[in-house]
file target06.txt (compact mmCIF, C-alpha atoms)
# COMPACT_ATOMS: atom_id res chain seq x y z
CA MET Y 12 98.17 207.65 21.04
CA ALA Y 13 95.68 210.05 19.61
CA GLY Y 14 96.33 213.70 20.34
CA LEU Y 15 100.06 213.22 20.95
CA ARG Y 16 102.66 214.47 18.50
CA SER Y 17 105.59 212.12 18.26
CA VAL Y 18 109.16 213.29 18.10
CA ALA Y 19 110.53 209.78 18.48
CA ILE Y 20 111.05 209.35 14.71
CA ALA Y 21 113.67 212.10 14.62
CA PRO Y 22 116.42 213.22 16.98
CA PHE Y 23 114.80 215.08 19.86
CA ARG Y 24 114.86 218.87 19.74
CA PHE Y 25 113.35 221.59 21.89
CA ALA Y 26 111.30 223.17 19.12
CA ARG Y 27 108.91 224.91 21.48
CA LYS Y 28 109.10 226.66 24.80
CA ALA Y 29 108.22 224.32 27.65
CA ALA Y 30 105.09 225.11 29.59
CA THR Y 31 105.05 225.95 33.25
CA VAL Y 32 103.26 222.91 34.61
CA PRO Y 33 102.01 223.06 38.20
CA HIS Y 34 103.25 220.27 40.39
CA PRO Y 35 100.57 217.81 41.42
CA GLY Y 36 99.48 218.82 44.88
CA GLY Y 37 101.87 220.88 46.93
CA GLY Y 38 104.44 218.15 47.30
CA TRP Y 39 106.69 218.71 44.26
CA GLY Y 40 105.45 215.56 42.60
CA LEU Y 41 105.13 213.48 45.76
CA SER Y 42 102.27 211.06 45.35
CA HIS Y 43 99.27 211.58 47.58
CA SER Y 44 98.81 208.95 50.23
CA LEU Y 45 97.90 208.68 53.87
CA LEU Y 46 100.59 208.04 56.43
CA ASN Y 47 100.10 205.53 59.22
CA ASN Y 48 97.15 206.20 61.55
CA SER Y 49 96.26 209.42 59.78
CA ARG Y 50 93.33 210.58 57.66
CA LYS Y 51 95.18 213.68 56.46
CA ASP Y 52 97.04 213.71 53.14
CA TYR Y 53 100.13 215.68 54.13
CA ALA Y 54 101.56 215.64 50.59
CA ARG Y 55 98.83 218.03 49.46
CA GLY Y 56 99.81 220.65 52.02
CA VAL Y 57 103.59 220.38 51.82
CA ASP Y 58 106.14 221.86 49.45
CA VAL Y 59 109.39 220.33 50.66
CA THR Y 60 111.54 222.95 48.94
CA LEU Y 61 109.90 225.74 50.98
CA ASN Y 62 110.68 224.11 54.34
CA THR Y 63 113.78 225.69 55.86
CA ALA Y 64 115.20 222.47 57.35
CA ALA Y 65 114.74 220.48 54.14
CA GLY Y 66 115.90 223.46 52.08
CA ALA Y 67 119.12 223.73 54.08
CA CYS Y 68 119.92 220.07 53.37
CA LEU Y 69 118.96 220.26 49.70
CA ASN Y 70 121.01 223.42 49.16
CA TRP Y 71 124.05 221.88 50.86
CA ILE Y 72 123.78 218.73 48.76
CA GLY Y 73 123.25 220.79 45.60
CA ARG Y 74 126.37 222.86 46.27
CA THR Y 75 128.50 219.90 47.38
CA PHE Y 76 127.48 217.18 44.93
CA PRO Y 77 129.32 218.72 41.91
CA GLU Y 78 132.57 219.20 43.88
CA ALA Y 79 133.88 215.86 42.63
CA PRO Y 80 133.95 215.87 38.80
CA ILE Y 81 132.31 213.06 36.84
CA VAL Y 82 134.92 210.83 35.16
CA VAL Y 83 135.15 207.73 33.00
CA ARG Y 84 137.46 205.01 34.35
CA GLU Y 85 139.08 201.99 32.74
CA GLU Y 86 140.19 198.90 34.65
CA THR Y 87 143.19 197.02 33.24
CA ASP Y 88 145.02 194.22 35.04
CA GLY Y 89 143.45 195.19 38.34
CA GLU Y 90 144.48 198.84 37.99
CA THR Y 91 141.87 201.59 37.56
CA GLU Y 92 142.83 204.63 35.53
CA ILE Y 93 140.85 207.80 34.73
CA ILE Y 94 140.50 208.41 30.99
CA ALA Y 95 141.50 212.01 30.37
CA ASP Y 96 139.32 214.07 28.03
CA HIS Y 97 136.79 211.32 27.36
CA PRO Y 98 134.04 212.51 24.95
CA MET Y 99 131.31 211.96 27.55
CA THR Y 100 133.06 213.96 30.26
CA ARG Y 101 133.96 216.59 27.66
CA LEU Y 102 130.23 217.08 26.98
CA LEU Y 103 129.42 217.11 30.70
CA ARG Y 104 131.88 219.95 31.29
CA ASN Y 105 129.66 222.10 29.03
CA PRO Y 106 126.30 220.29 28.68
CA ASN Y 107 124.55 223.14 26.85
CA PRO Y 108 124.99 226.86 26.09
CA TYR Y 109 122.60 227.98 28.84
CA TYR Y 110 123.94 226.69 32.17
CA SER Y 111 126.95 224.85 33.56
CA ILE Y 112 127.12 221.25 34.76
CA GLU Y 113 127.26 222.54 38.35
CA ILE Y 114 123.93 224.37 38.00
CA MET Y 115 122.47 221.39 36.15
CA LEU Y 116 123.49 219.02 38.95
CA MET Y 117 121.99 221.34 41.59
CA ALA Y 118 118.62 221.27 39.83
CA THR Y 119 118.89 217.53 39.22
CA THR Y 120 119.70 216.56 42.81
CA THR Y 121 116.85 218.72 44.18
CA ASP Y 122 114.33 217.08 41.85
CA TRP Y 123 115.82 213.65 42.54
CA LEU Y 124 115.63 213.84 46.33
CA VAL Y 125 112.31 215.68 46.61
CA SER Y 126 110.28 213.70 44.06
CA GLY Y 127 112.37 210.54 43.71
CA ASN Y 128 112.92 211.20 39.99
CA ALA Y 129 115.09 213.46 37.84
CA TYR Y 130 115.45 213.67 34.08
CA TRP Y 131 117.92 214.82 31.44
CA ILE Y 132 117.01 214.99 27.76
CA LYS Y 133 119.54 214.29 25.02
CA VAL Y 134 119.37 216.89 22.25
CA ARG Y 135 120.69 215.28 19.07
CA ALA Y 136 122.00 216.40 15.72
CA GLU Y 137 120.45 215.12 12.50
CA ALA Y 138 123.11 212.41 12.41
CA GLY Y 139 121.95 211.17 15.81
CA ASN Y 140 124.95 212.18 17.91
CA ILE Y 141 124.30 214.10 21.14
CA LEU Y 142 124.85 217.84 20.94
CA GLU Y 143 123.48 218.92 24.33
CA LEU Y 144 122.12 217.63 27.61
CA ARG Y 145 119.31 219.52 29.34
CA TRP Y 146 117.58 219.11 32.66
CA VAL Y 147 113.78 218.82 32.53
CA PRO Y 148 111.62 219.29 35.67
CA GLN Y 149 110.24 215.93 36.75
CA ALA Y 150 106.66 217.26 36.73
CA MET Y 151 106.92 217.82 32.97
CA LEU Y 152 108.12 214.34 31.95
CA THR Y 153 106.28 211.08 32.62
CA PRO Y 154 107.19 207.49 31.65
CA LYS Y 155 104.49 205.69 29.64
CA TRP Y 156 103.89 202.04 28.73
CA PRO Y 157 101.26 200.02 26.85
CA PRO Y 158 98.31 198.55 28.78
CA SER Y 159 99.54 195.06 27.95
CA GLY Y 160 102.78 195.70 29.81
CA ASP Y 161 104.76 194.08 27.01
CA THR Y 162 107.19 197.01 27.09
CA PHE Y 163 108.44 198.30 30.43
CA ILE Y 164 108.63 201.91 29.18
CA SER Y 165 107.57 202.58 25.59
CA HIS Y 166 108.17 206.36 25.64
CA TYR Y 167 108.07 209.46 27.80
CA GLU Y 168 105.41 212.15 27.62
CA LEU Y 169 106.65 215.74 27.79
CA SER Y 170 104.21 218.52 28.71
CA THR Y 171 104.63 221.68 26.62
CA ALA Y 172 102.68 224.88 26.07
CA THR Y 173 101.10 223.50 22.91
CA GLY Y 174 100.32 220.04 24.21
CA PRO Y 175 102.12 216.81 25.14
CA LEU Y 176 104.99 215.42 23.07
CA ILE Y 177 106.33 211.89 22.83
CA VAL Y 178 110.02 211.52 23.67
CA ALA Y 179 111.84 208.30 22.81
CA VAL Y 180 113.26 206.27 25.69
CA GLU Y 181 116.77 206.52 24.21
CA ASP Y 182 116.55 210.32 24.37
CA VAL Y 183 116.05 210.41 28.15
CA VAL Y 184 118.43 209.87 31.05
CA HIS Y 185 116.20 208.92 33.98
CA PHE Y 186 117.54 209.06 37.54
CA PRO Y 187 115.12 207.17 39.83
CA TYR Y 188 115.76 207.08 43.57
CA GLY Y 189 115.16 203.39 44.18
CA ILE Y 190 111.88 201.96 42.91
CA ASP Y 191 108.35 203.02 43.88
CA PRO Y 192 106.40 199.81 44.64
CA ASN Y 193 103.22 201.54 43.44
CA ASN Y 194 104.83 202.46 40.10
CA THR Y 195 107.95 200.49 39.32
CA ARG Y 196 108.80 202.80 36.40
CA GLN Y 197 109.64 205.59 38.83
CA GLY Y 198 111.62 206.22 41.99
CA LEU Y 199 110.47 207.08 45.50
CA SER Y 200 111.49 210.21 47.40
CA PRO Y 201 113.61 209.57 50.52
CA LEU Y 202 111.72 212.46 52.19
CA ARG Y 203 108.29 210.94 51.68
CA SER Y 204 108.16 209.38 55.14
CA ALA Y 205 108.95 212.79 56.73
CA LEU Y 206 106.01 214.67 55.20
CA ARG Y 207 104.14 214.77 58.49
CA GLU Y 208 107.16 216.20 60.33
CA ILE Y 209 107.74 218.75 57.55
CA TRP Y 210 104.09 219.80 57.71
CA THR Y 211 104.38 220.16 61.50
CA ASP Y 212 107.48 222.31 61.14
CA ASP Y 213 105.73 224.54 58.58
CA GLU Y 214 102.73 224.96 60.89
CA ALA Y 215 105.00 225.86 63.81
CA SER Y 216 106.67 228.47 61.61
CA ASN Y 217 103.28 229.83 60.53
CA PHE Y 218 102.16 230.02 64.17
CA THR Y 219 105.26 231.96 65.18
CA ALA Y 220 104.87 234.33 62.23
CA ALA Y 221 101.20 234.91 63.11
CA LEU Y 222 102.11 235.75 66.70
CA LEU Y 223 104.82 238.19 65.67
CA GLY Y 224 102.63 239.70 62.97
CA ASN Y 225 99.84 240.21 65.48
CA MET Y 226 101.58 241.79 68.47
CA GLY Y 227 104.25 239.41 69.67
CA VAL Y 228 101.99 237.65 72.20
CA PRO Y 229 98.84 235.53 71.85
CA GLY Y 230 95.44 237.19 71.87
CA ALA Y 231 94.46 238.96 75.06
CA VAL Y 232 91.20 239.64 76.92
CA ILE Y 233 90.93 243.21 78.36
CA SER Y 234 88.24 243.87 80.94
CA PRO Y 235 87.56 246.23 83.88
CA SER Y 236 88.89 244.84 87.12
CA ASP Y 237 85.82 246.24 88.95
CA PRO Y 238 82.94 243.76 88.43
CA GLY Y 239 80.44 246.63 88.75
CA VAL Y 240 81.74 248.43 85.67
CA VAL Y 241 80.07 247.53 82.36
CA MET Y 242 81.61 248.63 79.03
CA ASP Y 243 79.28 249.35 76.11
CA LYS Y 244 80.11 248.48 72.49
CA ASP Y 245 81.73 251.82 71.68
CA ASP Y 246 83.94 251.68 74.76
CA ARG Y 247 85.06 248.16 73.96
CA GLU Y 248 85.93 249.10 70.38
CA ALA Y 249 87.83 252.18 71.53
CA VAL Y 250 89.93 250.09 73.97
CA ARG Y 251 90.64 247.47 71.29
CA GLN Y 252 91.77 250.08 68.75
CA SER Y 253 93.89 251.83 71.34
CA PHE Y 254 95.54 248.57 72.34
CA ASP Y 255 96.21 247.65 68.70
CA GLN Y 256 97.70 251.05 67.91
CA MET Y 257 99.98 250.95 70.94
CA PHE Y 258 101.29 247.38 70.69
CA LYS Y 259 101.10 246.12 67.11
CA GLY Y 260 103.81 246.41 64.47
CA ASP Y 261 106.86 248.47 65.39
CA ARG Y 262 105.28 249.57 68.70
CA ARG Y 263 105.62 246.12 70.31
CA GLY Y 264 106.65 246.44 73.95
CA SER Y 265 105.37 249.99 74.44
CA VAL Y 266 104.10 251.06 77.87
CA MET Y 267 100.36 251.27 78.48
CA VAL Y 268 98.82 253.43 81.23
CA ALA Y 269 95.14 252.77 81.88
CA SER Y 270 92.78 255.55 83.08
CA SER Y 271 90.92 253.10 85.29
CA LYS Y 272 91.42 249.73 86.88
CA THR Y 273 91.96 247.28 83.99
CA GLU Y 274 92.66 243.59 83.91
CA VAL Y 275 94.50 242.01 80.95
CA LYS Y 276 94.49 238.23 80.54
CA THR Y 277 96.32 236.37 77.82
CA PHE Y 278 94.27 233.94 75.81
CA GLY Y 279 95.85 230.63 74.78
CA TRP Y 280 99.47 229.55 75.24
CA THR Y 281 102.75 231.38 74.96
CA PRO Y 282 105.52 230.06 72.66
CA GLU Y 283 107.46 229.02 75.78
CA GLN Y 284 104.50 226.99 77.00
CA LEU Y 285 104.19 225.33 73.60
CA ASN Y 286 107.99 224.71 73.51
CA LEU Y 287 108.13 225.32 69.78
CA SER Y 288 111.92 225.02 69.66
CA ALA Y 289 111.76 221.42 70.87
CA MET Y 290 108.87 220.73 68.51
CA ARG Y 291 110.84 222.04 65.52
CA ALA Y 292 113.94 220.03 66.40
CA ILE Y 293 112.19 216.78 65.49
CA PRO Y 294 111.75 217.55 61.77
CA GLU Y 295 115.38 218.67 61.56
CA GLU Y 296 116.55 215.36 63.02
CA ARG Y 297 114.31 213.26 60.77
CA ILE Y 298 115.14 215.13 57.55
CA THR Y 299 118.91 215.05 58.09
CA ALA Y 300 118.76 211.36 59.06
CA LEU Y 301 116.86 210.47 55.89
CA LEU Y 302 119.39 212.30 53.72
CA GLY Y 303 122.43 211.03 55.64
CA ILE Y 304 123.68 214.53 56.47
CA PRO Y 305 124.64 215.51 60.06
CA ALA Y 306 122.52 218.50 61.09
CA ALA Y 307 125.53 220.56 62.19
CA VAL Y 308 127.04 220.40 58.69
CA VAL Y 309 124.12 222.29 57.16
CA GLY Y 310 123.91 224.73 60.09
CA LEU Y 311 120.82 223.35 61.85
CA GLY Y 312 120.67 223.89 65.60
CA THR Y 313 119.95 220.27 66.49
CA GLY Y 314 123.36 219.30 65.18
CA LEU Y 315 125.31 221.66 67.39
CA GLU Y 316 125.01 219.21 70.29
CA GLN Y 317 127.09 216.72 68.29
CA THR Y 318 130.00 219.15 68.22
CA LYS Y 319 129.80 219.47 72.01
CA VAL Y 320 130.36 215.78 72.66
CA GLY Y 321 133.67 215.44 70.85
CA ALA Y 322 132.84 215.34 67.14
CA THR Y 323 134.73 218.00 65.21
CA MET Y 324 133.22 219.80 62.24
CA ARG Y 325 135.77 218.14 59.96
CA GLU Y 326 134.68 214.70 61.18
CA LEU Y 327 131.03 215.60 60.64
CA ARG Y 328 131.75 216.81 57.10
CA GLU Y 329 133.57 213.56 56.38
CA GLN Y 330 130.56 211.68 57.77
CA ALA Y 331 128.26 213.71 55.51
CA TYR Y 332 130.29 212.58 52.51
CA GLU Y 333 130.53 208.96 53.61
CA SER Y 334 126.84 208.53 54.50
CA GLY Y 335 125.26 211.11 52.19
CA ILE Y 336 127.14 212.40 49.15
CA ILE Y 337 129.21 209.35 48.13
CA PRO Y 338 126.26 206.88 48.15
CA LEU Y 339 124.24 209.39 46.09
CA GLN Y 340 127.09 209.79 43.62
CA ARG Y 341 127.39 206.01 43.27
CA LEU Y 342 123.67 205.70 42.44
CA PHE Y 343 123.88 208.65 40.05
CA ALA Y 344 126.96 207.32 38.26
CA SER Y 345 125.32 203.91 37.74
CA GLN Y 346 122.54 205.54 35.69
CA LEU Y 347 125.02 207.56 33.62
CA GLU Y 348 126.95 204.37 32.97
CA ARG Y 349 123.81 202.61 31.70
CA GLN Y 350 122.06 205.41 29.85
CA LEU Y 351 124.73 207.87 28.68
CA LEU Y 352 128.16 206.21 28.44
CA PRO Y 353 127.08 203.75 25.67
CA GLU Y 354 126.34 206.78 23.45
CA PHE Y 355 130.07 207.53 23.41
CA ASP Y 356 131.89 204.33 24.32
CA ASP Y 357 131.09 200.61 24.27
CA THR Y 358 134.53 199.48 25.44
CA GLU Y 359 134.27 196.75 28.05
CA GLY Y 360 135.78 197.49 31.43
CA ARG Y 361 134.95 201.19 31.39
CA SER Y 362 132.76 202.76 34.06
CA VAL Y 363 131.50 206.12 35.32
CA GLY Y 364 132.31 207.57 38.71
CA PHE Y 365 133.18 210.72 40.64
CA ASP Y 366 136.80 211.74 41.19
CA LEU Y 367 136.93 212.22 44.97
CA ARG Y 368 140.53 213.41 44.83
CA ALA Y 369 139.15 216.89 44.12
CA VAL Y 370 137.16 216.95 47.38
CA ARG Y 371 139.10 218.98 49.92
CA VAL Y 372 137.42 217.66 53.06
CA LEU Y 373 138.38 214.08 52.14
CA GLN Y 374 142.06 214.89 51.76
CA GLU Y 375 144.44 214.42 54.64
CA ASP Y 376 145.55 217.47 56.56
CA GLU Y 377 149.00 218.66 55.43
CA ASN Y 378 150.47 218.18 58.92
CA ALA Y 379 149.05 214.66 59.13
CA ILE Y 380 150.52 213.80 55.73
CA HIS Y 381 153.93 215.14 56.74
CA GLU Y 382 153.95 213.20 60.02
CA ARG Y 383 152.93 209.96 58.27
CA LEU Y 384 155.65 210.33 55.63
CA ARG Y 385 158.24 211.13 58.30
CA ALA Y 386 157.27 208.03 60.26
CA ASP Y 387 157.55 205.93 57.09
CA MET Y 388 161.02 207.33 56.39
CA LEU Y 389 162.30 206.78 59.94
CA SER Y 390 161.01 203.20 59.93
CA GLY Y 391 162.78 202.42 56.67
CA ALA Y 392 159.56 202.05 54.65
CA ILE Y 393 160.49 204.80 52.16
CA THR Y 394 163.77 206.42 51.16
CA ARG Y 395 164.85 209.86 52.21
CA GLU Y 396 164.55 210.84 48.54
CA GLU Y 397 160.89 209.76 48.44
CA PHE Y 398 160.20 211.69 51.64
CA ARG Y 399 161.79 214.88 50.28
CA LYS Y 400 159.88 214.63 47.00
CA ALA Y 401 156.55 214.07 48.74
CA THR Y 402 157.06 217.03 51.08
CA GLY Y 403 158.21 219.43 48.36
CA HIS Y 404 161.90 219.60 49.29
CA ALA Y 405 164.79 219.55 46.86
CA VAL Y 406 166.39 216.11 46.47
CA LEU Y 407 170.12 215.86 47.23
CA PRO Y 408 172.52 213.45 45.49
CA ASP Y 409 172.91 211.16 48.51
CA ASP Y 410 169.20 210.96 49.41
CA ASP Y 411 168.51 207.61 47.70
CA VAL Y 412 168.99 205.70 50.96
CA PHE Y 413 166.84 204.00 53.56
CA LEU Y 414 167.17 205.08 57.18
CA MET Y 415 167.13 201.71 58.95
CA PRO Y 416 166.74 201.73 62.75
CA ILE Y 417 169.38 199.65 64.55
CA SER Y 418 167.98 199.80 68.07
CA ILE Y 419 165.60 196.89 67.49
CA ILE Y 420 166.87 193.29 67.57
CA GLU Y 421 165.19 189.89 67.48
CA VAL Y 422 165.22 187.84 70.72
CA ALA Y 423 164.10 184.20 70.92
CA ARG Y 424 161.66 182.97 73.58
CA ASP Y 425 164.55 181.57 75.64
CA GLY Y 426 166.16 184.99 75.76
CA THR Y 427 169.02 184.30 73.33
CA LEU Y 428 169.78 186.55 70.41
CA ARG Y 429 169.40 185.37 66.85
CA ARG Y 430 172.82 184.33 65.50
CA GLU Y 431 172.96 187.05 62.86
CA ASP Y 432 172.35 189.66 65.59
CA GLN Y 433 175.34 188.50 67.68
CA ALA Y 434 178.28 190.81 67.19
CA ALA Y 435 177.24 191.59 63.63
CA PRO Y 436 179.83 194.14 62.38
CA LEU Y 437 178.59 197.29 60.78
CA ALA Y 438 181.60 197.25 58.43
CA VAL Y 439 184.30 194.70 57.52
CA PRO Y 440 187.90 195.93 58.21
CA ALA Y 441 190.01 196.42 55.11
CA THR Y 442 192.69 193.90 56.36
CA GLU Y 443 190.15 191.09 56.51
CA VAL Y 444 189.09 191.89 52.97
CA GLU Y 445 192.74 191.71 51.76
CA GLU Y 446 193.33 188.38 53.57
CA ALA Y 447 190.20 186.92 52.09
CA ASP Y 448 191.28 188.01 48.62
CA GLY Y 449 194.73 186.39 49.17
CA VAL Y 450 193.23 183.07 50.19
CA ALA Y 451 190.97 183.10 47.19
CA ALA Y 452 193.91 183.88 44.87
CA GLY Y 453 196.19 181.22 46.37
CA GLY Y 454 193.53 178.53 46.46
call {"tool": "encode", "arguments": {"input": "target06.txt", "output": "structure tokens"}}
result
Amino acid sequence: MAGLRSVAIAPFRFARKAATVPHPGGGWGLSHSLLNNSRKDYARGVDVTLNTAAGACLNWIGRTFPEAPIVVREETDGETEIIADHPMTRLLRNPNPYYSIEIMLMATTTDWLVSGNAYWIKVRAEAGNILELRWVPQAMLTPKWPPSGDTFISHYELSTATGPLIVAVEDVVHFPYGIDPNNTRQGLSPLRSALREIWTDDEASNFTAALLGNMGVPGAVISPSDPGVVMDKDDREAVRQSFDQMFKGDRRGSVMVASSKTEVKTFGWTPEQLNLSAMRAIPEERITALLGIPAAVVGLGTGLEQTKVGATMRELREQAYESGIIPLQRLFASQLERQLLPEFDDTEGRSVGFDLRAVRVLQEDENAIHERLRADMLSGAITREEFRKATGHAVLPDDDVFLMPISIIEVARDGTLRREDQAAPLAVPATEVEEADGVAAGG
């Protein structure tokens, strides 16, 4: 490993300022390859983070992903309990002095989904314990292995301003999104198959911007309507300049009065003829489908139709969690459990997860909770005391009772009542109790 300075022999530290390393191509680390039936490498011309549809999804995920805090759980006798103030979660609440865990997770999820890989580096004390966790852009850290393949990953190579550094495997938390079949040491971006659609959307945006920056309509051909009139070069240039001055920039839509018969013909197609809105809806649909996020949740126009056919915004947000956020959190937690939890805890039966109780959209509506509890009380499933406690009411001394309905009885197939339902008294008269006591005493 000539030319590389190793930091694997000592706890890793950021001794030097990291270099600004350009991403390979324009695709934020997406590997260059040709899509089906295409000779164009769309990864070279696409920066996913600059596409508005992809950016809307990535921003929503980045803001939403940290809503459920990361926790360590312990399973005992079939019961799962969250371990309060576990040393790993204590570090995650304040991973380093420079940014919060929420900001760190936003950067991590963007890297993870766009490139298929995200990395944290463990900054250790001299004794070897972890002092900080820091996010490192995926373009700056690369897994390495010997040519023999004897070791799956021997180390990571970190690009810095003064040259590459070796980082020990145990000092890196690597979050791969699945496995790239062309490089099994890394993950594969879920957006990779949508590069062509993202490129198309970018080109449609560029086309619209060019039209508006020009004069709001496609190029035009201006000519005398009288075929016998011939315009020399100076006349043509004067007309062009006059037209530009009158209709470009802030003067779009101004009125033009010609001094002679003039014919104006548009050249090319109008935005309506190209139907750019329909063209741009396709990338929105593909991107949101790949990330498991309904388009309406992130504010994209293609998703508004879903809300018109009966789906409420609350239902769509719940769907976004069920099909998008929760699966991502499960994948993320599995890597923390393998690569970070053992640094703090080797107790069997402990695992890492996200506490979804803190997610507001997944909690029942207060009215729905109240109605469910009321139904349970009136059916005899819970006591009146339990109902009052759950709904925030003061408990009275006589509330420890079940409200059992008496209007329902059991009837056999032949129509007869069960014996215990026939004339079953609600209370036994006091005289019968006295007589029974007398018989018992005399017997």
call {"tool": "closest_residue", "arguments": {"input": "target06.txt", "among": "Y:Val184, Y:Val406, Y:Met99, Y:Ile72", "to": "Arg328 of chain Y", "atoms": "only C-alpha atoms"}}
result
Y:Ile72
call {"tool": "closest_residue", "arguments": {"input": "target06.txt", "among": "Y:Arg297, Y:Trp123, Y:Pro305, Y:Ile190", "to": "Gly335 of chain Y", "atoms": "only C-alpha atoms"}}
result
Y:Pro305
call {"tool": "atom_distance", "arguments": {"input": "target06.txt", "atom1": "atom CA of Val422 of chain Y", "atom2": "atom CA of Arg385 of chain Y"}}
result
27.3 Å
call {"tool": "residues_around", "arguments": {"input": "target06.txt", "residues": "segment 397-400 of chain Y", "least_positions_apart": "5", "cutoff": "9 Å", "atoms": "only C-alpha atoms", "output": "PDB file with C-alpha atoms, keeping the file's coordinate frame"}}
result
ATOM      1  CA  HIS Y 381     153.930 215.140  56.740  1.00  0.00           C
ATOM      2  CA  LEU Y 384     155.650 210.330  55.630  1.00  0.00           C
ATOM      3  CA  ARG Y 385     158.240 211.130  58.300  1.00  0.00           C
ATOM      4  CA  ASP Y 387     157.550 205.930  57.090  1.00  0.00           C
ATOM      5  CA  MET Y 388     161.020 207.330  56.390  1.00  0.00           C
ATOM      6  CA  ALA Y 405     164.790 219.550  46.860  1.00  0.00           C
ATOM      7  CA  VAL Y 406     166.390 216.110  46.470  1.00  0.00           C
ATOM      8  CA  LEU Y 407     170.120 215.860  47.230  1.00  0.00           C
ATOM      9  CA  ASP Y 410     169.200 210.960  49.410  1.00  0.00           C
ATOM     10  CA  ASP Y 411     168.510 207.610  47.700  1.00  0.00           C
TER      11      ASP Y 411
END
call {"tool": "atom_distance", "arguments": {"input": "target06.txt", "atom1": "atom CA of Arg145 of chain Y", "atom2": "atom CA of Met117 of chain Y"}}
result
12.7 Å
call {"tool": "closest_residue", "arguments": {"input": "target06.txt", "among": "Y:Gln149, Y:Met324, Y:Phe186, Y:Asp245", "to": "Glu168 of chain Y", "atoms": "all atoms listed in the file"}}
result
Y:Gln149
